[in-house]
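Trainee: See final_17.cif below, with mmCIF, C-alpha atoms.
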data_data
#
loop_
_atom_site.label_atom_id
_atom_site.label_comp_id
_atom_site.auth_asym_id
_atom_site.auth_seq_id
_atom_site.Cartn_x
_atom_site.Cartn_y
_atom_site.Cartn_z
CA MET W 1 6.81 -0.62 -25.63
CA ARG W 2 7.76 3.01 -25.79
CA THR W 3 8.78 3.97 -22.26
CA SER W 4 10.15 7.47 -22.67
CA VAL W 5 7.70 10.13 -21.53
CA ARG W 6 7.35 13.33 -23.49
CA TYR W 7 4.84 16.09 -22.93
CA SER W 8 2.91 17.40 -25.88
CA GLU W 9 3.92 20.95 -26.78
CA GLU W 10 0.64 22.30 -25.43
CA VAL W 11 1.06 20.63 -22.04
CA ASN W 12 4.68 21.76 -21.83
CA GLU W 13 3.81 25.38 -22.54
CA GLN W 14 1.00 25.54 -19.98
CA ARG W 15 3.08 23.83 -17.33
CA ALA W 16 6.01 26.19 -17.82
CA GLY W 17 3.73 29.19 -17.51
CA ASP W 18 1.78 28.11 -14.45
CA ALA W 19 3.94 25.89 -12.24
CA GLY W 20 2.50 27.02 -8.91
CA ASP W 21 4.31 27.27 -5.61
CA PRO W 22 6.28 24.16 -4.62
CA PRO W 23 5.47 22.40 -1.36
CA PRO W 24 8.00 22.84 1.45
CA TYR W 25 9.94 19.59 1.34
CA GLY W 26 13.03 19.94 -0.83
CA SER W 27 14.28 16.59 0.46
CA ALA W 28 12.93 13.56 2.30
CA ARG W 29 15.22 14.61 5.12
CA ASP W 30 13.10 17.76 5.59
CA LEU W 31 10.03 15.79 6.71
CA PRO W 32 9.18 16.53 10.36
CA SER W 33 9.02 12.85 11.28
CA PHE W 34 12.36 12.18 9.59
CA ARG W 35 14.04 15.04 11.45
CA GLU W 36 12.48 14.01 14.75
CA MET W 37 13.49 10.36 14.37
CA SER W 38 16.99 11.34 13.29
CA GLN W 39 17.44 13.58 16.33
CA LEU W 40 15.99 10.91 18.62
CA VAL W 41 18.35 8.23 17.31
CA LYS W 42 21.38 10.50 17.51
CA GLY W 43 20.52 11.40 21.09
CA ALA W 44 19.91 7.79 22.07
CA THR W 45 23.16 6.72 20.40
CA PHE W 46 25.01 9.31 22.49
CA LEU W 47 23.39 7.99 25.67
CA THR W 48 24.49 4.42 24.94
CA ARG W 49 28.06 5.55 25.49
CA PHE W 50 27.22 5.60 29.19
CA PHE W 51 24.51 2.92 29.63
CA ALA W 52 22.55 0.29 27.68
CA ARG W 53 25.61 -0.20 25.48
CA HIS W 54 24.16 -3.43 24.09
CA LEU W 55 21.62 -1.32 22.17
CA ARG W 56 24.25 0.74 20.36
CA PRO W 57 24.55 -1.62 17.33
CA GLN W 58 20.77 -1.51 16.82
CA LEU W 59 20.75 2.29 17.06
CA LEU W 60 23.52 2.57 14.49
CA ASP W 61 21.58 0.21 12.21
CA ILE W 62 18.48 2.42 12.54
CA GLU W 63 20.51 5.53 11.76
CA ARG W 64 21.97 3.91 8.65
CA GLU W 65 18.48 2.80 7.58
CA LEU W 66 17.12 6.33 8.01
CA ASN W 67 19.91 7.80 5.90
CA ARG W 68 19.40 5.08 3.32
CA LEU W 69 15.68 5.81 3.03
CA GLY W 70 16.19 9.58 2.79
CA ALA W 71 18.77 9.20 0.04
CA LEU W 72 16.60 6.68 -1.81
CA VAL W 73 13.53 8.94 -1.92
CA ASP W 74 15.59 11.88 -3.14
CA ARG W 75 17.28 9.71 -5.78
CA PHE W 76 13.90 8.41 -6.96
CA TYR W 77 12.55 11.93 -7.41
CA GLU W 78 15.72 13.11 -9.10
CA ARG W 79 15.43 10.32 -11.64
CA LEU W 80 11.67 9.95 -12.07
CA GLY W 81 10.09 13.07 -10.57
CA PRO W 82 10.43 15.02 -13.85
CA ARG W 83 8.32 12.26 -15.46
CA ASN W 84 5.57 12.71 -12.84
CA TRP W 85 6.17 9.52 -10.87
CA ILE W 86 5.45 9.78 -7.15
CA PHE W 87 7.18 7.88 -4.35
CA HIS W 88 4.37 6.64 -2.09
CA ASP W 89 4.36 4.59 1.11
CA ALA W 90 3.30 1.36 -0.61
CA LEU W 91 6.38 1.15 -2.87
CA PRO W 92 8.83 -1.64 -1.86
CA VAL W 93 11.97 0.08 -0.65
CA ASP W 94 14.45 -2.71 -1.46
CA GLU W 95 13.13 -3.19 -4.99
CA ILE W 96 13.12 0.54 -5.72
CA GLU W 97 16.71 0.77 -4.47
CA GLN W 98 17.76 -2.09 -6.75
CA LEU W 99 15.82 -0.58 -9.65
CA LEU W 100 17.58 2.77 -9.35
CA ALA W 101 20.99 1.15 -8.88
CA GLU W 102 20.66 -0.99 -12.00
CA ALA W 103 18.87 1.41 -14.36
CA PRO W 104 21.40 3.43 -16.39
CA ASP W 105 18.92 6.14 -17.39
CA PRO W 106 15.38 7.43 -16.66
CA ASP W 107 13.90 5.45 -19.57
CA THR W 108 15.09 2.16 -18.08
CA ALA W 109 14.12 3.18 -14.55
CA GLU W 110 10.61 3.98 -15.72
CA LYS W 111 10.31 0.68 -17.58
CA ARG W 112 11.42 -1.25 -14.48
CA LEU W 113 8.99 0.67 -12.28
CA ILE W 114 6.08 -0.21 -14.58
CA GLU W 115 7.16 -3.87 -14.56
CA LEU W 116 6.98 -3.77 -10.76
CA TYR W 117 3.36 -2.57 -10.86
CA ARG W 118 2.49 -5.13 -13.52
CA ARG W 119 3.34 -8.09 -11.31
CA ASP W 120 0.28 -9.91 -10.02
CA GLU W 121 1.52 -9.83 -6.43
CA PHE W 122 2.04 -6.04 -6.34
CA PHE W 123 -1.61 -5.35 -5.51
CA THR W 124 -2.15 -8.36 -3.21
CA TRP W 125 -2.05 -6.41 0.07
CA ARG W 126 -1.62 -2.86 -1.20
CA LEU W 127 -5.29 -2.48 -2.10
CA GLN W 128 -6.05 -3.17 1.53
CA ARG W 129 -4.08 -0.04 2.45
CA LEU W 130 -6.36 1.95 0.17
CA TYR W 131 -9.48 0.51 1.77
CA THR W 132 -8.51 1.87 5.20
CA HIS W 133 -10.03 5.09 3.83
CA GLU W 134 -13.82 4.91 3.97
CA GLY W 135 -14.20 6.84 0.72
CA LEU W 136 -11.97 4.37 -1.13
CA SER W 137 -13.54 1.34 0.52
CA THR W 138 -16.90 2.61 -0.75
CA ARG W 139 -15.41 2.64 -4.26
CA ARG W 140 -13.85 -0.81 -3.87
CA ARG W 141 -15.80 -2.33 -6.76
CA GLN W 142 -14.62 0.37 -9.13
CA ILE W 143 -11.01 -0.08 -7.98
CA GLU W 144 -11.30 -3.84 -8.48
CA ARG W 145 -12.70 -3.27 -11.96
CA ALA W 146 -9.76 -0.99 -12.73
CA LEU W 147 -7.40 -3.77 -11.62
CA GLU W 148 -9.19 -6.30 -13.84
CA HIS W 149 -8.82 -3.99 -16.85
CA TYR W 150 -5.18 -3.26 -15.97
CA GLY W 151 -4.38 -6.98 -15.84
CA ALA W 152 -6.13 -7.49 -19.19
CA SER W 153 -4.14 -4.61 -20.77
CA GLU W 154 -7.34 -2.61 -21.26
CA PHE W 155 -5.49 0.49 -20.16
CA ASP W 156 -7.88 3.21 -21.31
CA SER W 157 -10.83 1.84 -19.33
CA CYS W 158 -8.55 1.33 -16.31
CA VAL W 159 -7.62 5.02 -16.48
CA PHE W 160 -11.26 6.13 -16.65
CA HIS W 161 -12.11 4.09 -13.56
CA LEU W 162 -9.19 5.40 -11.53
CA ILE W 163 -9.74 9.04 -12.47
CA ALA W 164 -13.36 8.75 -11.34
CA VAL W 165 -12.26 7.11 -8.06
CA MET W 166 -9.73 9.86 -7.32
CA ASP W 167 -12.08 12.71 -8.20
CA GLY W 168 -14.88 11.28 -6.10
CA PHE W 169 -12.74 10.35 -3.12
CA VAL W 170 -11.08 13.75 -2.83
CA ASN W 171 -14.50 15.42 -3.17
CA ASP W 172 -15.83 13.33 -0.26
CA PHE W 173 -12.73 13.54 1.91
CA GLU W 174 -13.02 17.18 2.98
CA ALA W 175 -16.70 17.91 3.58
CA GLU W 176 -16.02 21.60 4.13
CA ASN W 177 -14.16 21.92 0.83
CA ARG W 178 -16.03 19.69 -1.58
CA LYS W 179 -13.93 19.74 -4.72
CA GLY W 180 -12.79 16.80 -6.79
CA LEU W 181 -9.13 16.22 -7.52
CA HIS W 182 -9.55 17.79 -10.95
CA ALA W 183 -10.70 21.08 -9.35
CA ARG W 184 -7.78 21.39 -6.93
CA GLU W 185 -4.75 23.58 -7.36
CA PRO W 186 -1.43 21.72 -7.02
CA ILE W 187 -0.57 23.58 -3.81
CA GLU W 188 -3.83 22.32 -2.25
CA MET W 189 -2.49 18.78 -2.50
CA ALA W 190 0.76 19.48 -0.66
CA ALA W 191 0.95 16.67 1.90
CA TRP W 192 2.20 17.39 5.42
CA ASP W 193 4.96 15.07 6.68
CA SER W 194 4.64 12.63 3.77
CA ILE W 195 7.08 11.55 1.09
CA VAL W 196 4.45 12.38 -1.54
CA GLY W 197 4.89 16.00 -0.36
CA HIS W 198 8.37 16.17 -1.89
CA HIS W 199 8.68 19.20 -4.17
CA GLN W 200 8.99 16.84 -7.14
CA GLY W 201 6.14 14.62 -5.97
CA PHE W 202 2.37 14.86 -5.83
CA SER W 203 1.93 18.60 -6.36
CA ARG W 204 4.27 18.50 -9.37
CA ALA W 205 2.31 15.65 -10.98
CA MET W 206 -0.89 17.59 -10.27
CA GLU W 207 0.24 20.35 -12.60
CA THR W 208 0.02 17.98 -15.56
CA PHE W 209 -3.05 16.16 -14.23
CA GLY W 210 -5.08 19.36 -14.13
CA VAL W 211 -3.79 21.19 -17.20
CA THR W 212 -6.49 22.27 -19.67
CA VAL W 213 -6.08 20.84 -23.17
CA LYS W 214 -7.92 23.06 -25.67
CA LYS W 215 -6.61 21.57 -28.89
CA ARG W 216 -7.05 17.91 -29.78
CA ILE W 217 -3.87 15.84 -29.44
CA ASP W 218 -3.77 12.89 -31.84
CA THR W 219 -0.25 11.66 -31.11
CA GLU W 220 0.27 9.10 -28.34
CA VAL W 221 0.38 10.70 -24.90
CA PHE W 222 2.27 9.28 -21.93
CA GLU W 223 0.98 11.60 -19.19
CA LEU W 224 -2.12 11.40 -17.02
CA CYS W 225 -3.77 14.52 -18.46
CA ARG W 226 -7.15 14.29 -16.78
CA ASN W 227 -8.80 17.19 -18.56
CA GLY W 228 -7.75 16.11 -22.03
CA ILE W 229 -8.63 12.47 -21.42
CA MET W 230 -12.05 13.05 -19.88
CA HIS W 231 -13.07 15.67 -22.45
CA GLY W 232 -11.89 13.69 -25.47
CA MET W 233 -9.09 16.07 -26.41
CA VAL W 234 -6.38 13.47 -25.74
CA VAL W 235 -7.42 10.53 -27.89
CA ASN W 236 -4.39 8.22 -27.83
CA PHE W 237 -3.56 7.30 -24.22
CA ASP W 238 -4.27 3.55 -24.23
CA ASN W 239 -0.86 2.45 -22.92
CA GLU W 240 0.57 0.99 -19.74
CA VAL W 241 2.52 4.16 -18.90
CA VAL W 242 -0.61 6.29 -18.41
CA ALA W 243 -2.49 3.48 -16.67
CA THR W 244 0.38 2.83 -14.26
CA LYS W 245 0.66 6.54 -13.53
CA ALA W 246 -3.03 6.48 -12.63
CA TRP W 247 -2.34 3.73 -10.06
CA ASN W 248 0.70 5.62 -8.84
CA MET W 249 -1.37 8.76 -8.29
CA LEU W 250 -4.16 6.84 -6.55
CA PHE W 251 -1.70 5.57 -3.94
CA ALA W 252 -0.37 9.13 -3.60
CA VAL W 253 -3.91 10.44 -3.06
CA ALA W 254 -4.35 7.89 -0.25
CA ASP W 255 -1.06 9.01 1.33
CA TRP W 256 -2.19 12.64 1.06
CA ALA W 257 -5.44 11.78 2.84
CA THR W 258 -3.57 9.93 5.58
CA ALA W 259 -1.18 12.85 6.06
CA THR W 260 -4.04 15.38 6.09
CA THR W 261 -5.89 13.38 8.74
CA LYS W 262 -2.71 13.05 10.82
CA ALA W 263 -2.04 16.79 10.63
CA ALA W 264 -5.51 17.54 12.03
CA GLU W 265 -5.13 15.21 15.02
CA PRO W 266 -3.82 16.42 18.40
CA GLN W 267 -0.08 15.91 18.61
CA GLU W 268 0.97 13.10 20.93
CA PRO W 269 3.66 13.81 23.53
CA LYS W 270 7.16 13.03 22.30
CA PRO W 271 8.59 9.81 23.75
CA THR W 272 11.12 10.04 26.56
CA TRP W 273 14.61 8.64 26.10
CA ARG W 274 13.62 5.67 28.26
CA GLU W 275 10.56 5.01 26.07
CA ALA W 276 12.63 5.40 22.89
CA LEU W 277 15.27 2.95 24.10
CA ALA W 278 12.56 0.47 25.15
CA SER W 279 10.97 0.71 21.69
CA ILE W 280 14.31 0.18 19.97
CA LYS W 281 14.94 -2.84 22.19
CA ARG W 282 11.54 -4.34 21.27
CA ASN W 283 12.20 -3.81 17.57
CA ALA W 284 15.62 -5.40 17.86
CA GLU W 285 14.15 -8.41 19.65
CA ALA W 286 11.45 -8.78 16.98
CA ARG W 287 14.06 -8.62 14.21
CA LYS W 288 16.16 -11.24 16.00
CA ARG W 289 13.12 -13.54 16.32
CA ASP W 290 12.44 -13.22 12.60
CA GLU W 291 16.05 -14.01 11.72
CA GLN W 292 16.12 -17.08 13.98
CA HIS W 293 12.75 -18.43 12.85
CA VAL W 294 12.78 -21.58 10.74
CA GLU W 295 9.87 -21.85 8.31
CA GLN W 296 7.78 -24.92 9.04
CA THR W 297 4.90 -26.60 7.20
CA ILE W 298 2.51 -28.86 9.14
CA GLU W 299 0.38 -31.21 7.06
CA HIS W 300 -3.13 -32.39 7.94
CA SER W 301 -1.73 -35.86 8.73
CA ASP W 302 0.66 -34.48 11.35
CA ALA W 303 -0.38 -35.02 14.99
CA ARG W 304 0.33 -31.34 15.75
CA PHE W 305 -2.07 -30.09 13.07
CA ALA W 306 -5.35 -30.41 15.01
CA ALA W 307 -4.06 -28.33 17.93
CA ASP W 308 -2.33 -25.62 15.86
CA GLU W 309 -3.76 -22.27 16.95
CA ALA W 310 -3.58 -20.69 13.49
CA VAL W 311 -5.50 -23.64 12.04
CA LEU W 312 -8.14 -23.49 14.79
CA GLN W 313 -8.71 -19.79 14.20
CA ALA W 314 -8.79 -20.24 10.42
CA LYS W 315 -11.48 -22.90 10.88
CA CYS W 316 -13.49 -20.51 13.05
CA PHE W 317 -13.22 -17.85 10.33
CA LEU W 318 -14.27 -20.24 7.54
CA GLU W 319 -17.15 -21.71 9.57
CA ALA W 320 -18.53 -18.23 10.26
CA TRP W 321 -18.19 -17.31 6.59
CA GLU W 322 -19.98 -20.49 5.49
CA ARG W 323 -22.81 -19.79 7.98
CA ARG W 324 -22.83 -16.11 6.95
CA GLN W 325 -22.29 -14.97 10.53
CA TRP W 326 -20.85 -11.60 9.56
CA GLY W 327 -20.30 -10.40 13.12
CA ILE W 328 -17.95 -13.31 13.80
CA VAL W 329 -16.23 -12.93 10.42
CA THR W 330 -15.64 -9.24 11.21
CA GLU W 331 -13.67 -10.20 14.33
CA PHE W 332 -10.95 -11.44 11.96
CA MET W 333 -10.76 -8.13 10.05
CA PRO W 334 -7.26 -6.58 10.23
CA PRO W 335 -7.19 -3.85 12.92
CA VAL W 336 -6.01 -1.25 10.42
CA LEU W 337 -9.35 -1.62 8.61
CA ARG W 338 -11.35 -1.27 11.82
CA GLU W 339 -9.94 2.16 12.59
CA ARG W 340 -12.49 4.98 12.35
CA ARG W 341 -15.28 2.46 11.69
CA THR W 342 -18.09 1.66 14.06
CA ASN W 343 -18.83 -2.01 14.66
CA GLY W 344 -21.95 -1.71 12.48
CA GLN W 345 -19.96 -0.17 9.63
CA ALA W 346 -17.30 -2.88 9.86
CA ILE W 347 -19.90 -5.66 9.79
CA SER W 348 -21.67 -4.02 6.84
CA GLU W 349 -18.40 -3.84 4.89
CA THR W 350 -17.59 -7.46 5.74
CA LYS W 351 -20.96 -8.51 4.36
CA SER W 352 -20.43 -6.51 1.17
CA TRP W 353 -17.00 -8.14 0.61
CA PHE W 354 -17.69 -11.74 1.63
CA GLY W 355 -21.44 -11.97 1.10
CA PRO W 356 -21.32 -12.33 -2.72
CA HIS W 357 -19.11 -15.42 -2.36
CA GLU W 358 -20.69 -18.65 -1.08
CA ILE W 359 -18.15 -21.06 0.42
CA THR W 360 -18.95 -24.74 1.13
CA ALA W 361 -17.18 -28.09 1.39
CA TRP W 362 -13.92 -26.55 2.53
CA SER W 363 -11.02 -28.27 4.26
CA ILE W 364 -7.59 -27.11 5.44
CA THR W 365 -4.77 -29.37 4.29
CA SER W 366 -1.65 -27.62 5.64
CA VAL W 367 -0.35 -24.60 7.55
CA THR W 368 3.02 -22.96 6.95
CA HIS W 369 4.46 -20.82 9.74
CA LEU W 370 6.49 -18.32 7.72
CA LEU W 371 7.52 -16.04 10.59
CA PRO W 372 6.62 -15.71 14.26
CA GLY W 373 2.96 -14.74 14.14
CA ALA W 374 2.43 -15.28 10.39
CA ALA W 375 0.96 -18.46 8.90
CA ASP W 376 -0.25 -19.42 5.43
CA ILE W 377 -3.38 -21.60 5.43
CA CYS W 378 -3.76 -23.93 2.44
CA GLY W 379 -6.66 -26.17 1.49
CA ILE W 380 -9.53 -26.72 -0.92
CA ALA W 381 -13.06 -25.32 -1.04
CA THR W 382 -16.12 -25.02 -3.20
CA VAL W 383 -16.70 -21.33 -3.88
CA ASP W 384 -19.74 -20.23 -5.85
CA ASP W 385 -20.24 -23.85 -6.99
CA GLU W 386 -16.67 -24.12 -8.31
CA GLN W 387 -13.95 -26.27 -6.78
CA CYS W 388 -10.92 -24.18 -5.89
CA ASP W 389 -7.51 -24.35 -4.29
CA MET W 390 -7.54 -22.14 -1.19
CA LYS W 391 -4.72 -20.10 0.37
CA PHE W 392 -4.83 -17.15 2.74
CA ARG W 393 -2.67 -15.75 5.51
CA MET W 394 -3.36 -15.52 9.23
CA VAL W 395 -1.39 -12.98 11.29
CA HIS W 396 -1.07 -12.81 15.07
CA LEU W 397 -1.35 -9.16 16.13
CA ASP W 398 -1.00 -7.46 19.50
CA PRO W 399 -3.33 -4.60 20.61
CA GLU W 400 -1.08 -2.08 18.83
CA GLY W 401 -1.44 -3.95 15.55
CA ASP W 402 2.12 -5.32 15.49
CA ARG W 403 2.87 -8.91 14.56
CA ALA W 404 3.50 -10.92 17.73
CA PRO W 405 4.73 -14.44 18.54
CA ARG W 406 2.08 -17.04 19.31
CA GLU W 407 2.95 -17.07 23.02
CA ILE W 408 1.91 -13.41 23.52
CA ALA W 409 -1.30 -13.70 25.57
CA ASP W 410 -3.08 -10.46 24.62
CA ALA W 411 -2.54 -10.91 20.86
CA ARG W 412 -5.03 -12.61 18.55
CA TRP W 413 -5.21 -14.02 15.04
CA HIS W 414 -6.56 -11.99 12.11
CA VAL W 415 -6.88 -12.63 8.40
CA GLY W 416 -3.98 -10.79 6.77
CA ILE W 417 -5.55 -9.82 3.42
CA TRP W 418 -9.23 -8.78 3.56
CA ALA W 419 -10.04 -9.68 -0.05
CA PRO W 420 -11.87 -13.03 -0.47
CA GLN W 421 -11.49 -13.11 -4.25
CA ARG W 422 -7.73 -13.49 -3.71
CA TYR W 423 -7.96 -16.63 -1.59
CA PHE W 424 -8.99 -19.02 -4.35
CA GLU W 425 -7.78 -20.39 -7.68
CA PRO W 426 -10.07 -22.68 -9.70
CA VAL W 427 -8.81 -26.27 -9.89
CA THR W 428 -7.78 -27.11 -13.43
CA ASP W 429 -7.87 -30.60 -14.90
CA ASP W 430 -4.40 -31.13 -16.32
CA THR W 431 -5.39 -34.48 -17.77
CA ALA W 432 -7.95 -32.98 -20.13
#
Would you mind writing the structure in this file as structure tokens?
Mentor:
Amino acid sequence: MRTSVRYSEEVNEQRAGDAGDPPPYGSARDLPSFREMSQLVKGATFLTRFFARHLRPQLLDIERELNRLGALVDRFYERLGPRNWIFHDALPVDEIEQLLAEAPDPDTAEKRLIELYRRDEFFTWRLQRLYTHEGLSTRRRQIERALEHYGASEFDSCVFHLIAVMDGFVNDFEAENRKGLHAREPIEMAAWDSIVGHHQGFSRAMETFGVTVKKRIDTEVFELCRNGIMHGMVVNFDNEVVATKAWNMLFAVADWATATTKAAEPQEPKPTWREALASIKRNAEARKRDEQHVEQTIEHSDARFAADEAVLQAKCFLEAWERRQWGIVTEFMPPVLRERRTNGQAISETKSWFGPHEITAWSITSVTHLLPGAADICGIATVDDEQCDMKFRMVHLDPEGDRAPREIADARWHVGIWAPQRYFEPVTDDTA
């Protein structure tokens, strides 16, 4: 695979002549939330000299983590920003850090980044983040089709799907300014308080995305040139670089929408020092619980199985699905997907996702408690008249949407990934 990215001469010339004004964030450290958190931690660290000294190690850990994240984002953009890759919120921080540390040059870094996207598990929960936006949830089928084509290495059709999704979503997102992504100037896509708003991020990639290609380009292209692709002037783009950049930009579009919505909301009062210290203490306690937790699998034959709360709630979920009681099924929807949706809208979406799949003859065979408040449910089921192995995750969430231990009274169990097609694998006959 050729991984180095080179602009065509035409794209290079137009970009050099019309770069647009850069967005304001020269560094990840310039983001308002980063500055605010940094100041808050520094102030709280100072206070622990006089009281709550037991929290000082946790505060120092948070400060180191902040500095680590800021440096990582800047290093990513320094290495891959010139190639129009965008650091978005769904990228795994630890893996990106390892990637950049091990890659000796931009070519290798780009190849490793594409390999990360190409893993089957990369999209497992990340698509759910996209569907928190109503306009992307509406286009769920098209996104799923793009993923099918991406997995089958049908990269050109994947790109067409994703370009249409992005254009349509951006057009719908701002009712007072109905323009698709292709009609936006780069500066219009500057994201407030988001890592995609880095000066080498989304708005930079938009310059190439929207450039007009007037002369047909026959050589292989490795950039997401929307105009040239959609109008048939770029004819050789069927490669994993362009397709992966389309996914990368879709996640950036979602981050831009989230940031735009956040910027329009009334600003919440800043936390007091007491509130900040209490929050840090809660986070430290949660981290300690995770570190001390011992993973445990309980089989169906175990006496504890029948009374396990995660199993009981999983049975309730599966029974409601089998009976097509969409109101009950919706109660298990992750809270992040319920935001900004009425109960009727949530039930309608549940029906559209789960309704096409008929589940019968199911049974749960084991539960694995991975972490406090997180359990994998395993079993078998007949889905659409086909016998399948079944596996999905239940998470125990408090009213704020944070994972909570089972003993927390006001928390409840939800299904972690709201994508039924990902719960089942057809049973294969190895003896055939």
Trainee: If the PyMOL selection byres ((chain W and resi 336) around 12) is run on the structure shown, which residues does it catch, given as a PDB file with C-alpha atoms, keeping the file's coordinate frame?
Mentor:
ATOM      1  CA  GLN W 128      -6.050  -3.170   1.530  1.00  0.00           C
ATOM      2  CA  ARG W 129      -4.080  -0.040   2.450  1.00  0.00           C
ATOM      3  CA  LEU W 130      -6.360   1.950   0.170  1.00  0.00           C
ATOM      4  CA  TYR W 131      -9.480   0.510   1.770  1.00  0.00           C
ATOM      5  CA  THR W 132      -8.510   1.870   5.200  1.00  0.00           C
ATOM      6  CA  HIS W 133     -10.030   5.090   3.830  1.00  0.00           C
ATOM      7  CA  GLU W 134     -13.820   4.910   3.970  1.00  0.00           C
ATOM      8  CA  PHE W 332     -10.950 -11.440  11.960  1.00  0.00           C
ATOM      9  CA  MET W 333     -10.760  -8.130  10.050  1.00  0.00           C
ATOM     10  CA  PRO W 334      -7.260  -6.580  10.230  1.00  0.00           C
ATOM     11  CA  PRO W 335      -7.190  -3.850  12.920  1.00  0.00           C
ATOM     12  CA  LEU W 337      -9.350  -1.620   8.610  1.00  0.00           C
ATOM     13  CA  ARG W 338     -11.350  -1.270  11.820  1.00  0.00           C
ATOM     14  CA  GLU W 339      -9.940   2.160  12.590  1.00  0.00           C
ATOM     15  CA  ARG W 340     -12.490   4.980  12.350  1.00  0.00           C
ATOM     16  CA  ARG W 341     -15.280   2.460  11.690  1.00  0.00           C
ATOM     17  CA  ALA W 346     -17.300  -2.880   9.860  1.00  0.00           C
ATOM     18  CA  LEU W 397      -1.350  -9.160  16.130  1.00  0.00           C
ATOM     19  CA  PRO W 399      -3.330  -4.600  20.610  1.00  0.00           C
ATOM     20  CA  GLU W 400      -1.080  -2.080  18.830  1.00  0.00           C
ATOM     21  CA  GLY W 401      -1.440  -3.950  15.550  1.00  0.00           C
ATOM     22  CA  ASP W 402       2.120  -5.320  15.490  1.00  0.00           C
ATOM     23  CA  HIS W 414      -6.560 -11.990  12.110  1.00  0.00           C
ATOM     24  CA  VAL W 415      -6.880 -12.630   8.400  1.00  0.00           C
ATOM     25  CA  GLY W 416      -3.980 -10.790   6.770  1.00  0.00           C
ATOM     26  CA  ILE W 417      -5.550  -9.820   3.420  1.00  0.00           C
ATOM     27  CA  TRP W 418      -9.230  -8.780   3.560  1.00  0.00           C
TER      28      TRP W 418
END
Trainee: Just checking: using all atoms listed in the file, which residue out of W:Ala252, W:Val294, W:Val395, W:Ala246 ends up closest to Met189 (chain W)?
Mentor: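 Of all the options, W:Ala252 lies closest to Met189 (chain W).
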Trainee: Given the file shown, enumerate the residues that the PyMOL selection byres ((chain W and resi 206) around 9) captures and present them as a list in words.
Mentor: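 After applying the PyMOL selection byres ((chain W and resi 206) around 9), what remains is Asn84, Leu181, His182, Arg184, Glu185, Pro186, Ile187, Met189, Gly201, Phe202, Ser203, Arg204, Ala205, Glu207, Thr208, Phe209, Gly210 and Val211 of chain W.
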Trainee: When you draw a straight line from CA of Gly180 (chain W) to CA of Arg226 (chain W), how long is it in Å?
Mentor: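 The value is 11.7 Å.
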Trainee: Can you turn the PyMOL selection byres ((chain W and resi 358) around 9) into a concrete residue list for this file, as number ranges by chain?
Mentor: W: 321-322, 324, 354-357, 359-360, 382-385
Trainee: With only C-alpha atoms as the atoms that count, which of W:Trp125, W:Tyr117, W:Trp353, W:Phe76 lies nearest to Ser137 (chain W)?
Mentor: W:Trp353
Trainee: Taking all atoms listed in the file into account, name the residue in W:Glu102, W:Asp218, W:Glu240, W:Asp308 that is nearest to Gly151 (chain W).
Mentor: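 For Gly151 (chain W), the nearest of the given residues is W:Glu240.
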Trainee: Calculated over all atoms listed in the file, which of the candidates W:Glu223, W:Pro266, W:Asp156, W:Thr258 has the smallest distance to Asp238 (chain W)?
Mentor: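 Under the stated criterion, the closest residue is W:Asp156.
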Trainee: Grab the CA of Thr108 (chain W) to CA of Arg83 (chain W) distance for me, in Å with one decimal place.
Mentor: 12.4 Å
Trainee: CA of Arg304 (chain W) and CA of Thr124 (chain W) are how many Å apart?
Mentor: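 CA of Arg304 (chain W) sits 29.9 Å away from CA of Thr124 (chain W).
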Trainee: Please write out, as lines of an AutoDock Vina configuration file, where the centre of an axis-aligned box around all listed atoms of region 349-363 of chain W lies and how long its edges are, in Å to one decimal, after adding 5 Å on each side.
Mentor:
center_x = -16.2
center_y = -16.1
center_z = 1.5
size_x = 20.4
size_y = 34.4
size_z = 18.5
